[in-house]
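Enquirer: The structure that follows is given in the form of structure tokens.
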Amino acid sequence: MDPLVLEHVYHTYNGQPALSDVSLRFHEKKITAVVGRSGSGKSTLLQVLNGMLRPGQGKVFFQGQPFDYSRAAALRLQMGYVIQGIGLFPHLTVAQNILINTRLQRSTSGADSLARMHLLMQLMNLPEAYGKKYPHELSGGEQQRVGICRALLPNPTVLLMDEPLGALDSITREDIQREILQLQQSEQRTVVIITHNPQEALALGDYIVVLEAGKVLQYDTKENVLKSPANALVERLTTTRSV
Amino acid sequence: MKKLLVILLAISSVAATAQKITVGAKHFNEGYILSEIIAQLLEENGFTVDRKYNLGGTMVCFKALKQGEIDVYPEYTGTISFEILSSGKNLSVEEIRAQLQDMGLAVAPPYGFNNTYALVMTEALSKEKNIHNISELAQHPQLSIGVSYEFLKRQDGWDNLSKAYALPQAAVGLEHGLAYSALTENKIQITDAYSTDGEIIQNHLTVLEDNQKFFPDYLATSFYRPSIGEKAESILKKLTGQISEREMQAMNAAVLYEKKSFQQVASDFLREKGFVAGATTETSTSIVPDLLSKTGVHLKLTFLALLLAIGFAVPLGVVLYWHPKPARYVLYLVGLLQTIPSIALLAIFIPFTGIGQLPAVLALFLYGLLPILRNTYTGLQGIDPVLKKVAIGMGMNRAQRMRLLEFPLAIPFILSGVRTAAVISVGTATLAAFIGAGGLGEYIVTGLALNNSSLILRGAIPAAALAILIEIAFEILERIFRPAYLR
Ligand SMILES: Nc1ncnc2c1ncn2[C@@H]1O[C@H](COP(=O)(O)OP(=O)(O)OP(=O)(O)O)[C@@H](O)[C@H]1O
Ligand SMILES: [Mg+2]
């Protein structure tokens, strides 16, 4: 069963269309990369998936059920969400940030969470000592990795990431990409990752969605998109130019 | 049946010996002295006395008396006629007594002196020209007359006075504070005064007799609640006709110029008149315990009000943040409270709560609301929207966002609002003395009334020190609560 499904979704901001007739099925335990130009509607799409935006028209399904907006907060607890711009809480230490989810649900056990935090930090290549630091004491790339750890702590079935590696140099970017792939091998989950970087989409995505002006230009496996791009724009958006 | 009566009588007499009478005082020199005379006289006769001095103006005293906050205070027949009964004319003591009966209040027979407007001149000149009453001024058109601006304009002031007596002189207005030196330097020869002013004795002046009874009577008397009982009433009556104008002038001068305490002046008077037996007992209480207890009251008022304000404004700020539509109006309304002059705000509650610490705490509470509410609200509003989005995105509900993210981030703002409120509160608490709340303001208010600057400083310096201490305390608190990311 596909855990995230959109059917003919339309969304407008003050009458300005941001998503038009978007129908997508995100496949279980696969990574789907969403590419598109700035302003094409990528972040809007992710917020619709997360239930933060309720589309004007169309249907949103989460784990086979129509999204229940009256239980939005509870449903979101089952989805990891990494926002564009990281958004670590400045008044909490790195460890407190990563463990924040344990303070939202009673069911989680403290010892298990601590062990998981250490595992995730290790996977994301963060020294254990960083736990006591505050976000402002970390570099941008380190903060982004903490953000990913925080989203993954409750081991969500779905992980939504909005440009998690924006504004990083290419070497660090590739390091973190490798870490994400490694994680995906050990804990398979449904991942939707937004990027405007073709290299990243190709490195991470099993599937690729190409958005343009709120419409889906193409949605297919990485191989098919590369083999037969729907048009010239798709080709441009998915081609890594060698420098 | 008889037995029962006897028992009841016994109980009531026991109750009477333990009876407590609250004596109020108007906030000025003579008011304090007369109240203290009443208080000491009652104490001498076996009553327990609770002193509530510094009650500000007539209306505060009257309301306090009406509501039983105080049982007795000295008042003037003219004030009762014009201000309290609004009768428009001067009533006799009998007429006043009749009208007060409906309110359940009473006045004792007057003490003997009349504290009204008067014209005064130096004793020397009065002897030289042989002038003893106002009519005789008509034969001396060359005398120059300078009167206070208020007297120049009043209904019972210069214009009507000079008509009534057909005086040929024209009066010039001058600042009352300068009038006595102008008299002694012979720049003017006549001025207006209150007939019991201590300055009259101090400057060797003569009060000209109001032989046509132009000025309304302001006969001082005990204004009381008959519920104090017959025994207490009979004690108040002992003062009937016992204080002459000259004696009152002398007592006022003793406090103002000899810097005697009014307790001392009152006890000297009672001993002289034979109301109190025994030798002079210097009632010099040490300053330090008194200062400490007043500081304690001051801090209590301040912090009670502050706690109330925090307890009310912080949750209200959170609610407004959740429902921002009415926020503007609520903030505007609370801001309006801030514009009410402190004295007025302090007085507003008296009809509901009586005098004392309760209305003071309520007023200080209202003053503290705005800075705390505004800072809570703007502090919450100013939080980075990205963080709010993250919190929503990760599945926090509204209460969790407030507890884990928004409130902690707003704490530095809230704390600085509390700091502002605390400093305002400490300062305004000095004014609370006007409504009988006590605290350091009592020194200041009494000092102002007695024109005693060392007494004023005894209240003002510790009050200023408290404000500074509070600033320092908050500085430290803010450092402790300053979040790690701001260090
Ligand atoms: N809160 C909003 N209110 C009004 N318009 C918005 C809002 N958020 C986004 N938009 C508009 O909707 C369109 C899609 O925005 P969206 O954030 O989804 O783009 P994006 O693909 O994520 O772009 P980027 O790569 O720059 O992040 C844009 O034209 C944007 O201006
Ligand atoms: Mg975006």
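Chain labels run A, B, ... following the order of the structure tokens; each chain numbers its residues from 1, and ligands are numbered from 1 in the order shown.
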Within 9 Å of chain B, which residues of chain A are there when counting only C-alpha atoms? Please give them as a count of residues only.
Expert: 35
Enquirer: List as a ChimeraX atom specification the protein and nucleic acid residues near B:Lys153, meaning an atom at most 12 Å away when only C-alpha atoms are counted, but skip any in the same chain fewer than 6 places from it.
Expert: /B:147,159-161,171-173
Enquirer: Which residues are near ligand 1 in this structure, taking near to mean any atom at most 9 Å from a ligand atom and counting only C-alpha atoms and all ligand atoms? Format them as a count of residues only.
Expert: 30
Enquirer: Using the chain letters and numbers from this document, which residues of stretch 171-327 of chain B does DSSP assign to alpha helix (DSSP H), as a ChimeraX atom specification?
Expert: /B:176-184,198-202,230-237,245-256,262-272,287-322,327
Enquirer: Any idea what's packed within 12 Å of stretch 165-177 of chain A, counting only C-alpha atoms, ignoring anything in its chain fewer than 6 positions away? Could you give it as number ranges by chain?
Expert: A: 82-86, 123-126, 139-149, 183-184, 193-197, 199-205
Enquirer: Those residues with N, CA and C atoms, as a CSV table (one decimal), in the first residue's frame please?
Expert:
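As a result, result_36.csv now contains:
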```csv
chain,number,residue,atom,x,y,z
A,82,VAL,N,11.5,17.6,7.9
A,82,VAL,CA,12.6,18.5,8.0
A,82,VAL,C,12.3,19.7,7.1
A,83,ILE,N,12.3,20.9,7.8
A,83,ILE,CA,11.8,22.1,7.1
A,83,ILE,C,12.9,22.7,6.4
A,84,GLN,N,12.5,23.4,5.3
A,84,GLN,CA,13.5,24.3,4.6
A,84,GLN,C,14.0,25.4,5.6
A,85,GLY,N,15.3,25.4,5.9
A,85,GLY,CA,15.8,26.4,6.8
A,85,GLY,C,16.0,25.8,8.2
A,86,ILE,N,16.0,24.5,8.3
A,86,ILE,CA,16.4,23.7,9.5
A,86,ILE,C,15.5,23.9,10.7
A,123,LEU,N,25.3,7.7,12.8
A,123,LEU,CA,25.0,7.6,11.4
A,123,LEU,C,25.2,8.9,10.7
A,124,MET,N,24.8,10.0,11.3
A,124,MET,CA,24.9,11.3,10.7
A,124,MET,C,26.3,11.9,11.0
A,125,ASN,N,27.2,11.1,11.5
A,125,ASN,CA,28.5,11.6,11.7
A,125,ASN,C,28.6,12.8,12.6
A,126,LEU,N,27.8,12.8,13.7
A,126,LEU,CA,27.9,13.9,14.7
A,126,LEU,C,28.5,13.3,16.0
A,139,SER,N,28.0,24.4,13.0
A,139,SER,CA,28.0,24.9,11.6
A,139,SER,C,26.7,24.6,10.9
A,140,GLY,N,26.5,25.3,9.8
A,140,GLY,CA,25.2,25.1,9.1
A,140,GLY,C,25.0,23.6,8.7
A,141,GLY,N,26.0,22.9,8.2
A,141,GLY,CA,25.9,21.5,7.8
A,141,GLY,C,25.6,20.7,9.0
A,142,GLU,N,26.2,20.9,10.1
A,142,GLU,CA,26.0,20.1,11.3
A,142,GLU,C,24.6,20.3,11.8
A,143,GLN,N,24.1,21.6,11.7
A,143,GLN,CA,22.7,21.9,12.1
A,143,GLN,C,21.7,21.1,11.3
A,144,GLN,N,22.0,21.0,10.0
A,144,GLN,CA,21.1,20.3,9.1
A,144,GLN,C,21.1,18.8,9.4
A,145,ARG,N,22.3,18.3,9.8
A,145,ARG,CA,22.3,16.9,10.2
A,145,ARG,C,21.5,16.6,11.5
A,146,VAL,N,21.6,17.6,12.4
A,146,VAL,CA,20.8,17.5,13.7
A,146,VAL,C,19.3,17.5,13.4
A,147,GLY,N,19.0,18.4,12.4
A,147,GLY,CA,17.6,18.4,12.0
A,147,GLY,C,17.1,17.1,11.5
A,148,ILE,N,17.9,16.4,10.7
A,148,ILE,CA,17.5,15.1,10.2
A,148,ILE,C,17.4,14.1,11.3
A,149,CYS,N,18.3,14.1,12.3
A,149,CYS,CA,18.3,13.2,13.4
A,149,CYS,C,17.0,13.4,14.2
A,183,LEU,N,21.4,5.1,5.9
A,183,LEU,CA,20.3,5.0,6.8
A,183,LEU,C,19.1,4.3,6.1
A,184,GLN,N,18.9,4.7,4.9
A,184,GLN,CA,17.7,4.1,4.1
A,184,GLN,C,17.9,2.6,4.0
A,193,ILE,N,11.9,13.8,-0.7
A,193,ILE,CA,12.9,14.8,-0.5
A,193,ILE,C,12.9,15.8,-1.6
A,194,ILE,N,12.8,17.1,-1.2
A,194,ILE,CA,12.8,18.2,-2.2
A,194,ILE,C,14.2,18.7,-2.4
A,195,THR,N,14.5,19.0,-3.6
A,195,THR,CA,15.8,19.5,-4.0
A,195,THR,C,15.6,20.3,-5.3
A,196,HIS,N,16.5,21.3,-5.4
A,196,HIS,CA,16.5,21.9,-6.8
A,196,HIS,C,17.8,21.5,-7.5
A,197,ASN,N,18.5,20.6,-6.8
A,197,ASN,CA,19.8,20.2,-7.3
A,197,ASN,C,19.7,18.8,-8.1
A,199,GLN,N,21.9,16.8,-9.3
A,199,GLN,CA,22.8,15.8,-8.8
A,199,GLN,C,22.2,15.1,-7.6
A,200,GLU,N,21.6,15.8,-6.7
A,200,GLU,CA,21.0,15.3,-5.5
A,200,GLU,C,19.8,14.4,-5.8
A,201,ALA,N,19.0,14.9,-6.7
A,201,ALA,CA,17.8,14.1,-7.1
A,201,ALA,C,18.3,12.7,-7.7
A,202,LEU,N,19.3,12.8,-8.5
A,202,LEU,CA,19.7,11.5,-9.1
A,202,LEU,C,20.5,10.6,-8.1
A,203,ALA,N,21.2,11.2,-7.2
A,203,ALA,CA,21.9,10.4,-6.2
A,203,ALA,C,21.0,9.7,-5.2
A,204,LEU,N,19.9,10.4,-4.8
A,204,LEU,CA,19.1,9.9,-3.8
A,204,LEU,C,17.8,9.2,-4.3
A,205,GLY,N,17.2,9.7,-5.3
A,205,GLY,CA,15.8,9.3,-5.7
A,205,GLY,C,15.7,8.0,-6.4
```
Enquirer: Taking into account only C-alpha atoms, which residue in the set A:Leu120, A:Arg25, A:Ile31, A:Gly110 is nearest to A:Leu181?
Expert: A:Ile31
Enquirer: Leaving out B:Leu167 and any residue of its chain fewer than 2 positions from it, which residues lie within 12 Å of it when counting only C-alpha atoms, given as number ranges by chain?
Expert: B: 134-145, 158-165, 169-171
Enquirer: Could those selected residues go to a file with N, CA and C atoms, as an mmCIF file, in the first residue's frame?
Expert:
```cif
data_model
loop_
_atom_site.group_PDB
_atom_site.id
_atom_site.type_symbol
_atom_site.label_atom_id
_atom_site.label_comp_id
_atom_site.auth_asym_id
_atom_site.auth_seq_id
_atom_site.Cartn_x
_atom_site.Cartn_y
_atom_site.Cartn_z
ATOM 1 N N ILE B 134 -11.903 93.941 61.536
ATOM 2 C CA ILE B 134 -11.827 94.247 60.107
ATOM 3 C C ILE B 134 -12.493 95.579 59.791
ATOM 4 N N SER B 135 -13.585 95.907 60.495
ATOM 5 C CA SER B 135 -14.264 97.187 60.256
ATOM 6 C C SER B 135 -13.319 98.371 60.379
ATOM 7 N N GLU B 136 -12.397 98.265 61.356
ATOM 8 C CA GLU B 136 -11.504 99.398 61.608
ATOM 9 C C GLU B 136 -10.535 99.657 60.456
ATOM 10 N N LEU B 137 -10.380 98.667 59.539
ATOM 11 C CA LEU B 137 -9.485 98.858 58.396
ATOM 12 C C LEU B 137 -9.976 99.991 57.500
ATOM 13 N N ALA B 138 -11.303 100.209 57.502
ATOM 14 C CA ALA B 138 -11.872 101.219 56.613
ATOM 15 C C ALA B 138 -11.283 102.603 56.871
ATOM 16 N N GLN B 139 -10.854 102.852 58.128
ATOM 17 C CA GLN B 139 -10.285 104.163 58.432
ATOM 18 C C GLN B 139 -8.811 104.286 58.057
ATOM 19 N N HIS B 140 -8.241 103.228 57.479
ATOM 20 C CA HIS B 140 -6.807 103.256 57.151
ATOM 21 C C HIS B 140 -6.589 102.896 55.688
ATOM 22 N N PRO B 141 -7.068 103.726 54.762
ATOM 23 C CA PRO B 141 -6.985 103.389 53.332
ATOM 24 C C PRO B 141 -5.543 103.254 52.831
ATOM 25 N N GLN B 142 -4.584 103.807 53.568
ATOM 26 C CA GLN B 142 -3.195 103.758 53.078
ATOM 27 C C GLN B 142 -2.552 102.390 53.267
ATOM 28 N N LEU B 143 -3.163 101.495 54.060
ATOM 29 C CA LEU B 143 -2.579 100.166 54.284
ATOM 30 C C LEU B 143 -2.652 99.348 53.001
ATOM 31 N N SER B 144 -1.537 98.707 52.646
ATOM 32 C CA SER B 144 -1.586 97.887 51.426
ATOM 33 C C SER B 144 -1.860 96.431 51.788
ATOM 34 N N ILE B 145 -2.673 95.805 50.962
ATOM 35 C CA ILE B 145 -3.172 94.472 51.266
ATOM 36 C C ILE B 145 -2.735 93.513 50.167
ATOM 37 N N TRP B 158 -11.806 87.938 48.954
ATOM 38 C CA TRP B 158 -11.588 89.365 49.086
ATOM 39 C C TRP B 158 -12.728 90.224 48.554
ATOM 40 N N ASP B 159 -13.217 89.913 47.340
ATOM 41 C CA ASP B 159 -14.206 90.785 46.704
ATOM 42 C C ASP B 159 -15.420 91.015 47.595
ATOM 43 N N ASN B 160 -16.003 89.897 48.023
ATOM 44 C CA ASN B 160 -17.212 90.026 48.840
ATOM 45 C C ASN B 160 -16.912 90.565 50.232
ATOM 46 N N LEU B 161 -15.709 90.226 50.723
ATOM 47 C CA LEU B 161 -15.322 90.730 52.040
ATOM 48 C C LEU B 161 -15.238 92.254 52.014
ATOM 49 N N SER B 162 -14.557 92.791 50.977
ATOM 50 C CA SER B 162 -14.356 94.244 50.957
ATOM 51 C C SER B 162 -15.687 94.956 50.734
ATOM 52 N N LYS B 163 -16.602 94.318 50.001
ATOM 53 C CA LYS B 163 -17.938 94.906 49.856
ATOM 54 C C LYS B 163 -18.674 94.906 51.195
ATOM 55 N N ALA B 164 -18.641 93.742 51.855
ATOM 56 C CA ALA B 164 -19.377 93.609 53.114
ATOM 57 C C ALA B 164 -18.908 94.633 54.139
ATOM 58 N N TYR B 165 -17.599 94.872 54.166
ATOM 59 C CA TYR B 165 -17.063 95.809 55.163
ATOM 60 C C TYR B 165 -16.857 97.206 54.588
ATOM 61 N N GLN B 169 -9.522 99.796 50.343
ATOM 62 C CA GLN B 169 -8.268 99.321 49.748
ATOM 63 C C GLN B 169 -8.529 98.349 48.597
ATOM 64 N N ALA B 170 -7.560 98.320 47.667
ATOM 65 C CA ALA B 170 -7.565 97.271 46.644
ATOM 66 C C ALA B 170 -6.502 96.256 47.051
ATOM 67 N N ALA B 171 -6.792 94.964 46.831
ATOM 68 C CA ALA B 171 -5.813 93.944 47.227
ATOM 69 C C ALA B 171 -5.033 93.476 46.010
#
```
Enquirer: Which polymer residues have any atom within 6 Å of an atom of stretch 334-345 of chain B, counting only C-alpha atoms, with same-chain residues fewer than 6 positions away left out, as a ChimeraX atom specification?
Expert: /B:363,367,370
Enquirer: Okay, now the selection with C-alpha atoms, as a short mmCIF file (atom, residue, chain, number, x, y, z; two decimals), in the first residue's frame?
Expert:
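So result07.cif came out as:
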```cif
data_model
loop_
_atom_site.label_atom_id
_atom_site.label_comp_id
_atom_site.auth_asym_id
_atom_site.auth_seq_id
_atom_site.Cartn_x
_atom_site.Cartn_y
_atom_site.Cartn_z
CA ALA B 363 -4.33 49.85 42.29
CA TYR B 367 -0.52 49.60 37.16
CA LEU B 370 0.31 46.80 31.08
#
```
Enquirer: Which residue out of A:Gly58, A:Pro156, A:Pro127, A:Pro164 has the minimum interatomic distance to ligand 2 when only C-alpha atoms and all ligand atoms are used?
Expert: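 Smallest separation from ligand 2 among the options: A:Pro164.
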